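So this one's entry_31.cif, mmCIF, C-alpha atoms:
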data_input
loop_
_atom_site.label_atom_id
_atom_site.label_comp_id
_atom_site.auth_asym_id
_atom_site.auth_seq_id
_atom_site.Cartn_x
_atom_site.Cartn_y
_atom_site.Cartn_z
CA MET J 1 122.83 1.53 55.71
CA LEU J 2 123.58 -0.16 59.02
CA ARG J 3 125.69 -3.31 59.41
CA PHE J 4 126.24 -5.20 62.64
CA ARG J 5 126.72 -8.67 64.08
CA ALA J 6 124.24 -10.08 66.56
CA THR J 7 123.21 -13.36 68.11
CA ILE J 8 119.74 -14.68 67.35
CA GLU J 9 117.77 -14.96 70.60
CA LEU J 10 114.20 -15.82 71.56
CA ASN J 11 111.42 -13.56 72.83
CA ASN J 12 108.96 -16.18 74.07
CA ILE J 13 109.04 -18.40 70.97
CA ASN J 14 109.92 -15.67 68.44
CA PRO J 15 113.51 -15.55 67.11
CA TYR J 16 114.97 -12.05 66.89
CA VAL J 17 118.10 -9.95 66.94
CA ARG J 18 118.15 -6.83 69.05
CA VAL J 19 118.87 -3.52 67.33
CA SER J 20 120.41 -1.16 69.89
CA ALA J 21 118.95 2.29 70.53
CA GLU J 22 122.12 3.81 69.09
CA ASP J 23 121.84 1.78 65.88
CA ALA J 24 118.11 2.52 65.59
CA GLN J 25 118.91 6.24 65.84
CA ARG J 26 121.29 5.85 62.89
CA LEU J 27 118.51 4.27 60.83
CA LYS J 28 115.83 6.85 61.65
CA PRO J 29 116.32 9.38 64.48
CA ASP J 30 113.62 9.58 67.16
CA TRP J 31 111.46 6.79 65.68
CA ARG J 32 109.33 5.14 68.41
CA LYS J 33 106.73 3.06 66.56
CA PRO J 34 107.23 -0.09 64.47
CA MET J 35 110.07 0.81 62.09
CA PRO J 36 109.89 -0.32 58.45
CA VAL J 37 113.26 -1.56 57.25
CA ARG J 38 114.79 -3.43 54.37
CA GLY J 39 117.22 -6.05 55.55
CA ARG J 40 119.41 -9.02 54.87
CA VAL J 41 120.88 -11.65 57.14
CA ASN J 42 124.21 -13.21 56.22
CA GLY J 43 123.93 -11.46 52.84
CA LYS J 44 120.63 -13.21 52.03
CA PRO J 45 118.49 -12.79 50.08
CA GLU J 46 119.80 -10.81 47.14
CA ALA J 47 116.54 -8.81 47.09
CA TRP J 48 116.18 -7.40 50.60
CA TRP J 49 113.40 -8.44 53.00
CA ARG J 50 110.87 -5.81 54.02
CA ILE J 51 110.29 -6.13 57.76
CA ASN J 52 108.93 -3.97 60.57
CA MET J 53 111.18 -3.78 63.62
CA MET J 54 109.21 -3.64 66.85
CA PRO J 55 110.07 -1.08 69.55
CA ILE J 56 111.10 -2.42 72.94
CA GLY J 57 110.47 0.83 74.83
CA ASP J 58 114.01 1.95 75.61
CA GLY J 59 114.84 3.14 72.07
CA SER J 60 116.00 -0.30 70.93
CA PHE J 61 114.06 -2.65 68.65
CA TYR J 62 113.36 -6.32 68.07
CA LEU J 63 114.10 -7.43 64.52
CA TYR J 64 112.04 -10.62 64.38
CA LEU J 65 113.42 -13.23 62.00
CA HIS J 66 110.64 -15.47 60.73
CA ALA J 67 111.44 -18.95 59.43
CA GLU J 68 111.69 -17.86 55.79
CA VAL J 69 114.42 -15.34 56.69
CA ARG J 70 116.31 -17.84 58.87
CA ASN J 71 116.10 -20.57 56.24
CA ALA J 72 117.37 -18.27 53.48
CA ALA J 73 120.25 -17.13 55.72
CA ASP J 74 120.97 -20.70 56.89
CA CYS J 75 120.89 -19.74 60.56
CA LYS J 76 119.12 -20.68 63.78
CA VAL J 77 118.60 -19.44 67.33
CA GLY J 78 121.98 -19.08 69.03
CA ASP J 79 123.88 -18.31 65.81
CA THR J 80 125.75 -15.04 65.40
CA VAL J 81 124.73 -13.42 62.12
CA GLU J 82 125.68 -10.45 59.99
CA VAL J 83 122.71 -8.07 59.70
CA GLU J 84 122.30 -5.32 57.10
CA LEU J 85 119.46 -2.83 57.54
CA ALA J 86 118.22 0.34 55.91
CA PHE J 87 115.16 2.42 56.75
CA ASP J 88 112.48 1.60 54.17
CA GLU J 89 111.65 5.00 52.68
CA ASP J 90 109.19 3.33 50.27
CA TYR J 91 107.13 1.82 53.07
CA ARG J 92 103.41 2.50 52.91
CA SER J 93 101.13 1.41 55.70
CA GLY J 94 98.52 -1.19 55.04
CA PRO J 95 98.62 -4.89 54.25
CA VAL J 96 101.00 -6.21 51.58
CA HIS J 97 99.39 -9.62 51.10
CA PRO J 98 95.79 -9.80 49.87
CA MET J 99 93.10 -10.75 52.33
CA PRO J 100 92.03 -14.37 51.76
CA PRO J 101 88.41 -14.46 50.53
CA ALA J 102 87.40 -16.87 53.32
CA PHE J 103 88.83 -14.51 55.97
CA ARG J 104 87.07 -11.51 54.40
CA ALA J 105 83.76 -13.42 54.34
CA ALA J 106 84.16 -14.55 57.96
CA LEU J 107 84.86 -10.98 59.08
CA GLU J 108 81.84 -9.65 57.16
CA GLN J 109 79.64 -12.18 58.99
CA ASN J 110 81.03 -11.32 62.44
CA PRO J 111 80.76 -7.62 63.41
CA VAL J 112 82.72 -8.10 66.66
CA ALA J 113 85.67 -9.72 64.85
CA LEU J 114 85.48 -7.10 62.08
CA GLN J 115 85.66 -4.27 64.61
CA ALA J 116 88.65 -5.94 66.31
CA TRP J 117 90.36 -6.42 62.92
CA GLU J 118 89.85 -2.77 62.02
CA ALA J 119 91.32 -1.71 65.38
CA LEU J 120 94.58 -3.65 64.85
CA ILE J 121 97.72 -1.69 64.05
CA PRO J 122 98.82 -1.98 60.39
CA SER J 123 101.94 -4.01 61.20
CA LEU J 124 99.86 -6.68 62.98
CA LYS J 125 97.38 -6.80 60.09
CA LYS J 126 100.31 -7.32 57.72
CA GLU J 127 101.69 -10.06 59.93
CA ILE J 128 98.34 -11.88 60.03
CA LEU J 129 97.87 -11.65 56.24
CA ARG J 130 101.45 -12.85 55.68
CA TYR J 131 100.71 -15.73 58.05
CA PHE J 132 97.63 -16.73 56.06
CA GLU J 133 99.60 -16.43 52.79
CA GLN J 134 102.23 -18.92 53.98
CA VAL J 135 99.72 -21.61 54.98
CA LYS J 136 99.36 -24.12 52.15
CA SER J 137 97.03 -26.98 53.09
CA ALA J 138 93.26 -26.52 53.15
CA ASP J 139 93.05 -28.11 56.62
CA ALA J 140 95.67 -25.74 58.05
CA LYS J 141 93.97 -22.74 56.43
CA ALA J 142 90.65 -23.74 58.02
CA ARG J 143 92.28 -24.21 61.46
CA HIS J 144 94.05 -20.84 61.30
CA LEU J 145 90.92 -19.07 60.10
CA GLU J 146 88.92 -20.58 62.97
CA ARG J 147 91.60 -19.54 65.49
CA ALA J 148 91.84 -16.00 64.07
CA MET J 149 88.09 -15.53 64.23
CA TYR J 150 88.00 -16.90 67.78
CA VAL J 151 90.55 -14.42 69.14
CA LEU J 152 89.24 -11.50 67.07
CA SER J 153 85.79 -12.24 68.52
CA GLY J 154 87.18 -11.81 72.03
CA GLY J 155 88.14 -15.38 72.86
CA LYS J 156 91.18 -15.86 75.08
CA GLY J 157 93.90 -17.93 73.50
CA ARG J 158 97.06 -18.08 71.46
CA PHE J 159 97.27 -17.26 67.79
CA MET J 160 100.45 -16.56 65.83
CA ALA J 161 102.60 -17.14 68.93
CA ARG J 162 100.79 -14.38 70.82
CA SER J 163 98.40 -14.32 73.71
CA TRP J 164 95.12 -12.60 72.86
CA ASN J 165 92.54 -10.98 75.09
CA GLY J 166 94.27 -11.51 78.40
CA ASP J 167 95.42 -15.09 77.90
CA GLY J 168 98.74 -15.12 79.72
CA ASP J 169 99.94 -18.58 78.64
#

Show how you would write the structure in this file as structure tokens.
Amino acid sequence: MLRFRATIELNNINPYVRVSAEDAQRLKPDWRKPMPVRGRVNGKPEAWWRINMMPIGDGSFYLYLHAEVRNAADCKVGDTVEVELAFDEDYRSGPVHPMPPAFRAALEQNPVALQAWEALIPSLKKEILRYFEQVKSADAKARHLERAMYVLSGGKGRFMARSWNGDGD
């Protein structure tokens, strides 16, 4: 297990803590793709989060801290936090959250979007399905579904705090 202190920073609009190349090597030597880890921030939660760290390219990683993690740890951007990480030996690729029936139906009706979905890396598929799982209102679900289908169909725009298909904004 790895323990360290770090300050929460922003990458565009995404809060993260940086995991140094040296620390990443301690977790899993020579790992260069998204790294599955179990982690806690400020000792929270009792049952560890399962998160993929994203490689930066120099051997270090971004550990993105979504709102649920930050809320549980009672922290915000700019705070220094205590991070505990362990390589997730039980990780299996593929989505954790079920695909919403409306999203599945929309993909089945749109071959271009379906092909784009199938080409996504597993960690991004997981992130999208987790995103859909967290949306509660019917209106918000419809808006997010429309936006997902737009960018998966090749439209330029932002979805999930990312630029898609060459949209640089």

For range 98-110 of chain J, please output as a PDB file with C-alpha atoms, in the frame of the given file all residues within 8 Å (counting all atoms listed in the file; exclusion window: fewer than 5 positions along the same chain).
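File written: around17.pdb
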ATOM      1  CA  LEU J 129      97.870 -11.650  56.240  1.00  0.00           C
ATOM      2  CA  PHE J 132      97.630 -16.730  56.060  1.00  0.00           C
ATOM      3  CA  GLU J 133      99.600 -16.430  52.790  1.00  0.00           C
ATOM      4  CA  LEU J 145      90.920 -19.070  60.100  1.00  0.00           C
ATOM      5  CA  MET J 149      88.090 -15.530  64.230  1.00  0.00           C
ATOM      6  CA  SER J 153      85.790 -12.240  68.520  1.00  0.00           C
TER       7      SER J 153
END

Practice item. Could you check which of J:Asp139, J:Asp79, J:Glu89, J:Asp58 is closest to Ser20 in chain J, using only C-alpha atoms? Key: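 Ranked by minimum distance to Ser20 in chain J, first place goes to J:Asp58.
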
Exercise for review: Could you please determine the separation between CA of Arg158 in chain J and CA of Arg32 in chain J in Å, to one decimal place?
Suggested key: 26.4 Å

Point to revise | Counting all atoms listed in the file, the residue of J:Ala161, J:Val77, J:Leu65, J:Ile51 that sits nearest Thr7 in chain J | key: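 Closest residue, counting all atoms listed in the file: J:Val77.
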
Point to revise | Atomic separation - CA of Gly59 in chain J relative to CA of His97 in chain J, Å | key: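 Between CA of His97 in chain J and CA of Gly59 in chain J the gap is 29.0 Å.
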
Point to revise | Minimum-distance residue to Tyr16 in chain J, chosen among J:Lys156, J:Arg70, J:Lys28, J:Arg3 (using all atoms listed in the file) | key: J:Arg70

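Run against this file, the PyMOL selection byres ((chain J and resi 10) around 12) gives back Thr7, Ile8, Glu9, Asn11, Asn12, Ile13, Asn14, Pro15, Tyr16, Val17, Arg18, Tyr62, Leu63, Tyr64, Leu65, His66, Lys76, Val77, Gly78, Asp79 and Ala161 of chain J.
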
Review point. Suppose you want the space between CA of Met54 in chain J and CA of Pro34 in chain J; what is it in Å?
Key: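 Pair CA of Met54 in chain J / CA of Pro34 in chain J returns 4.7 Å.
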
Practice item. Just the residues within 8 Å of Arg50 in chain J, please, counting only C-alpha atoms, with nothing from its chain fewer than 2 positions along; format it as a list in words. Key: Pro36, Val37, Arg38, Gly39, Trp48, Asn52 and Asp88 of chain J

Provide an axis-aligned box for all listed atoms of range 59-70 of chain J, padding each side by 3 Å; report its centre and its edge lengths in Å to one decimal, as lines of an AutoDock Vina configuration file.
center_x = 113.5
center_y = -7.9
center_z = 63.9
size_x = 11.7
size_y = 28.1
size_z = 22.3

**Study point:** Point (117.4, -1.2, 64.5), cut-off 7 Å, counting all atoms listed in the file, residues as a ChimeraX atom specification
**Key:** /J:19-20,23-24,27,53,60-61

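Of the listed residues J:Tyr91, J:Tyr131, J:Trp117, J:Trp31, the one whose atoms come nearest to Ala67 in chain J is J:Tyr131, with distances taken using all atoms listed in the file.
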
Exercise for review: Can you work out which one of J:Asn42, J:Leu152, J:Glu22, J:Met35 has the shortest atom-to-atom distance to Leu120 in chain J, counting all atoms listed in the file?
Suggested key: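 That would be J:Leu152, the residue with the smallest distance to Leu120 in chain J.
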
On this file, the PyMOL selection byres ((chain J and resi 5) around 8) gives some set of residues; write that set as a short mmCIF file (atom, residue, chain, number, x, y, z; two decimals) with C-alpha atoms, in the coordinates of the input.
data_model
loop_
_atom_site.label_atom_id
_atom_site.label_comp_id
_atom_site.auth_asym_id
_atom_site.auth_seq_id
_atom_site.Cartn_x
_atom_site.Cartn_y
_atom_site.Cartn_z
CA ARG J 3 125.69 -3.31 59.41
CA PHE J 4 126.24 -5.20 62.64
CA ALA J 6 124.24 -10.08 66.56
CA THR J 7 123.21 -13.36 68.11
CA THR J 80 125.75 -15.04 65.40
CA VAL J 81 124.73 -13.42 62.12
CA GLU J 82 125.68 -10.45 59.99
CA VAL J 83 122.71 -8.07 59.70
#

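With only C-alpha atoms as the atoms that count, the minimum distance from Met1 in chain J to the choices J:Asp30, J:Glu84, J:Glu146, J:Glu118 is reached by J:Glu84.
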
Review point. Contacts of Pro45 in chain J at 10 Å or less, counting all atoms listed in the file, minus same-chain residues fewer than 6 places along, as a PyMOL selection string?
Key: chain J and resi 39+69+72-73

Completion of range 35-63 of chain J up to N, CA and C atoms, as an mmCIF file, in the coordinates of the input:
data_model
loop_
_atom_site.group_PDB
_atom_site.id
_atom_site.type_symbol
_atom_site.label_atom_id
_atom_site.label_comp_id
_atom_site.auth_asym_id
_atom_site.auth_seq_id
_atom_site.Cartn_x
_atom_site.Cartn_y
_atom_site.Cartn_z
ATOM 1 N N MET J 35 109.222 0.165 63.099
ATOM 2 C CA MET J 35 110.070 0.810 62.090
ATOM 3 C C MET J 35 110.184 -0.077 60.848
ATOM 4 N N PRO J 36 109.748 0.445 59.689
ATOM 5 C CA PRO J 36 109.890 -0.320 58.450
ATOM 6 C C PRO J 36 111.335 -0.294 57.972
ATOM 7 N N VAL J 37 111.881 -1.470 57.733
ATOM 8 C CA VAL J 37 113.260 -1.560 57.250
ATOM 9 C C VAL J 37 113.337 -2.558 56.100
ATOM 10 N N ARG J 38 114.394 -2.420 55.330
ATOM 11 C CA ARG J 38 114.790 -3.430 54.370
ATOM 12 C C ARG J 38 116.013 -4.087 54.980
ATOM 13 N N GLY J 39 116.096 -5.412 54.887
ATOM 14 C CA GLY J 39 117.220 -6.050 55.550
ATOM 15 C C GLY J 39 117.645 -7.348 54.912
ATOM 16 N N ARG J 40 118.869 -7.726 55.271
ATOM 17 C CA ARG J 40 119.410 -9.020 54.870
ATOM 18 C C ARG J 40 120.145 -9.603 56.060
ATOM 19 N N VAL J 41 120.173 -10.918 56.094
ATOM 20 C CA VAL J 41 120.880 -11.650 57.140
ATOM 21 C C VAL J 41 121.884 -12.560 56.445
ATOM 22 N N ASN J 42 123.136 -12.445 56.855
ATOM 23 C CA ASN J 42 124.210 -13.210 56.220
ATOM 24 C C ASN J 42 124.229 -13.014 54.705
ATOM 25 N N GLY J 43 123.903 -11.786 54.272
ATOM 26 C CA GLY J 43 123.930 -11.460 52.840
ATOM 27 C C GLY J 43 122.779 -12.025 52.044
ATOM 28 N N LYS J 44 121.774 -12.591 52.713
ATOM 29 C CA LYS J 44 120.630 -13.210 52.030
ATOM 30 C C LYS J 44 119.355 -12.481 52.373
ATOM 31 N N PRO J 45 118.419 -12.427 51.489
ATOM 32 C CA PRO J 45 118.490 -12.790 50.080
ATOM 33 C C PRO J 45 119.100 -11.646 49.275
ATOM 34 N N GLU J 46 119.254 -11.867 47.980
ATOM 35 C CA GLU J 46 119.800 -10.810 47.140
ATOM 36 C C GLU J 46 118.857 -9.604 47.135
ATOM 37 N N ALA J 47 117.559 -9.867 46.976
ATOM 38 C CA ALA J 47 116.540 -8.810 47.090
ATOM 39 C C ALA J 47 116.166 -8.720 48.564
ATOM 40 N N TRP J 48 116.319 -7.583 49.159
ATOM 41 C CA TRP J 48 116.180 -7.400 50.600
ATOM 42 C C TRP J 48 114.776 -7.721 51.091
ATOM 43 N N TRP J 49 114.694 -8.228 52.335
ATOM 44 C CA TRP J 49 113.400 -8.440 53.000
ATOM 45 C C TRP J 49 112.845 -7.096 53.412
ATOM 46 N N ARG J 50 111.547 -6.985 53.447
ATOM 47 C CA ARG J 50 110.870 -5.810 54.020
ATOM 48 C C ARG J 50 110.255 -6.289 55.326
ATOM 49 N N ILE J 51 110.695 -5.687 56.432
ATOM 50 C CA ILE J 51 110.290 -6.130 57.760
ATOM 51 C C ILE J 51 110.036 -4.904 58.628
ATOM 52 N N ASN J 52 109.112 -5.011 59.563
ATOM 53 C CA ASN J 52 108.930 -3.970 60.570
ATOM 54 C C ASN J 52 109.658 -4.392 61.832
ATOM 55 N N MET J 53 110.553 -3.533 62.316
ATOM 56 C CA MET J 53 111.180 -3.780 63.620
ATOM 57 C C MET J 53 110.204 -3.283 64.681
ATOM 58 N N MET J 54 110.159 -3.991 65.802
ATOM 59 C CA MET J 54 109.210 -3.640 66.850
ATOM 60 C C MET J 54 109.922 -2.970 68.024
ATOM 61 N N PRO J 55 109.409 -1.804 68.451
ATOM 62 C CA PRO J 55 110.070 -1.080 69.550
ATOM 63 C C PRO J 55 109.986 -1.853 70.859
ATOM 64 N N ILE J 56 111.053 -1.753 71.636
ATOM 65 C CA ILE J 56 111.100 -2.420 72.940
ATOM 66 C C ILE J 56 110.662 -1.461 74.035
ATOM 67 N N GLY J 57 110.893 -0.164 73.843
ATOM 68 C CA GLY J 57 110.470 0.830 74.830
ATOM 69 C C GLY J 57 111.618 1.660 75.373
ATOM 70 N N ASP J 58 112.836 1.214 75.123
ATOM 71 C CA ASP J 58 114.010 1.950 75.610
ATOM 72 C C ASP J 58 114.801 2.552 74.448
ATOM 73 N N GLY J 59 114.172 2.621 73.260
ATOM 74 C CA GLY J 59 114.840 3.140 72.070
ATOM 75 C C GLY J 59 115.415 2.038 71.193
ATOM 76 N N SER J 60 115.517 0.830 71.733
ATOM 77 C CA SER J 60 116.000 -0.300 70.930
ATOM 78 C C SER J 60 114.805 -1.023 70.312
ATOM 79 N N PHE J 61 115.105 -1.960 69.407
ATOM 80 C CA PHE J 61 114.060 -2.650 68.650
ATOM 81 C C PHE J 61 114.344 -4.132 68.563
ATOM 82 N N TYR J 62 113.263 -4.920 68.446
ATOM 83 C CA TYR J 62 113.360 -6.320 68.070
ATOM 84 C C TYR J 62 113.276 -6.387 66.550
ATOM 85 N N LEU J 63 114.201 -7.095 65.930
ATOM 86 C CA LEU J 63 114.100 -7.430 64.520
ATOM 87 C C LEU J 63 113.768 -8.920 64.494
#
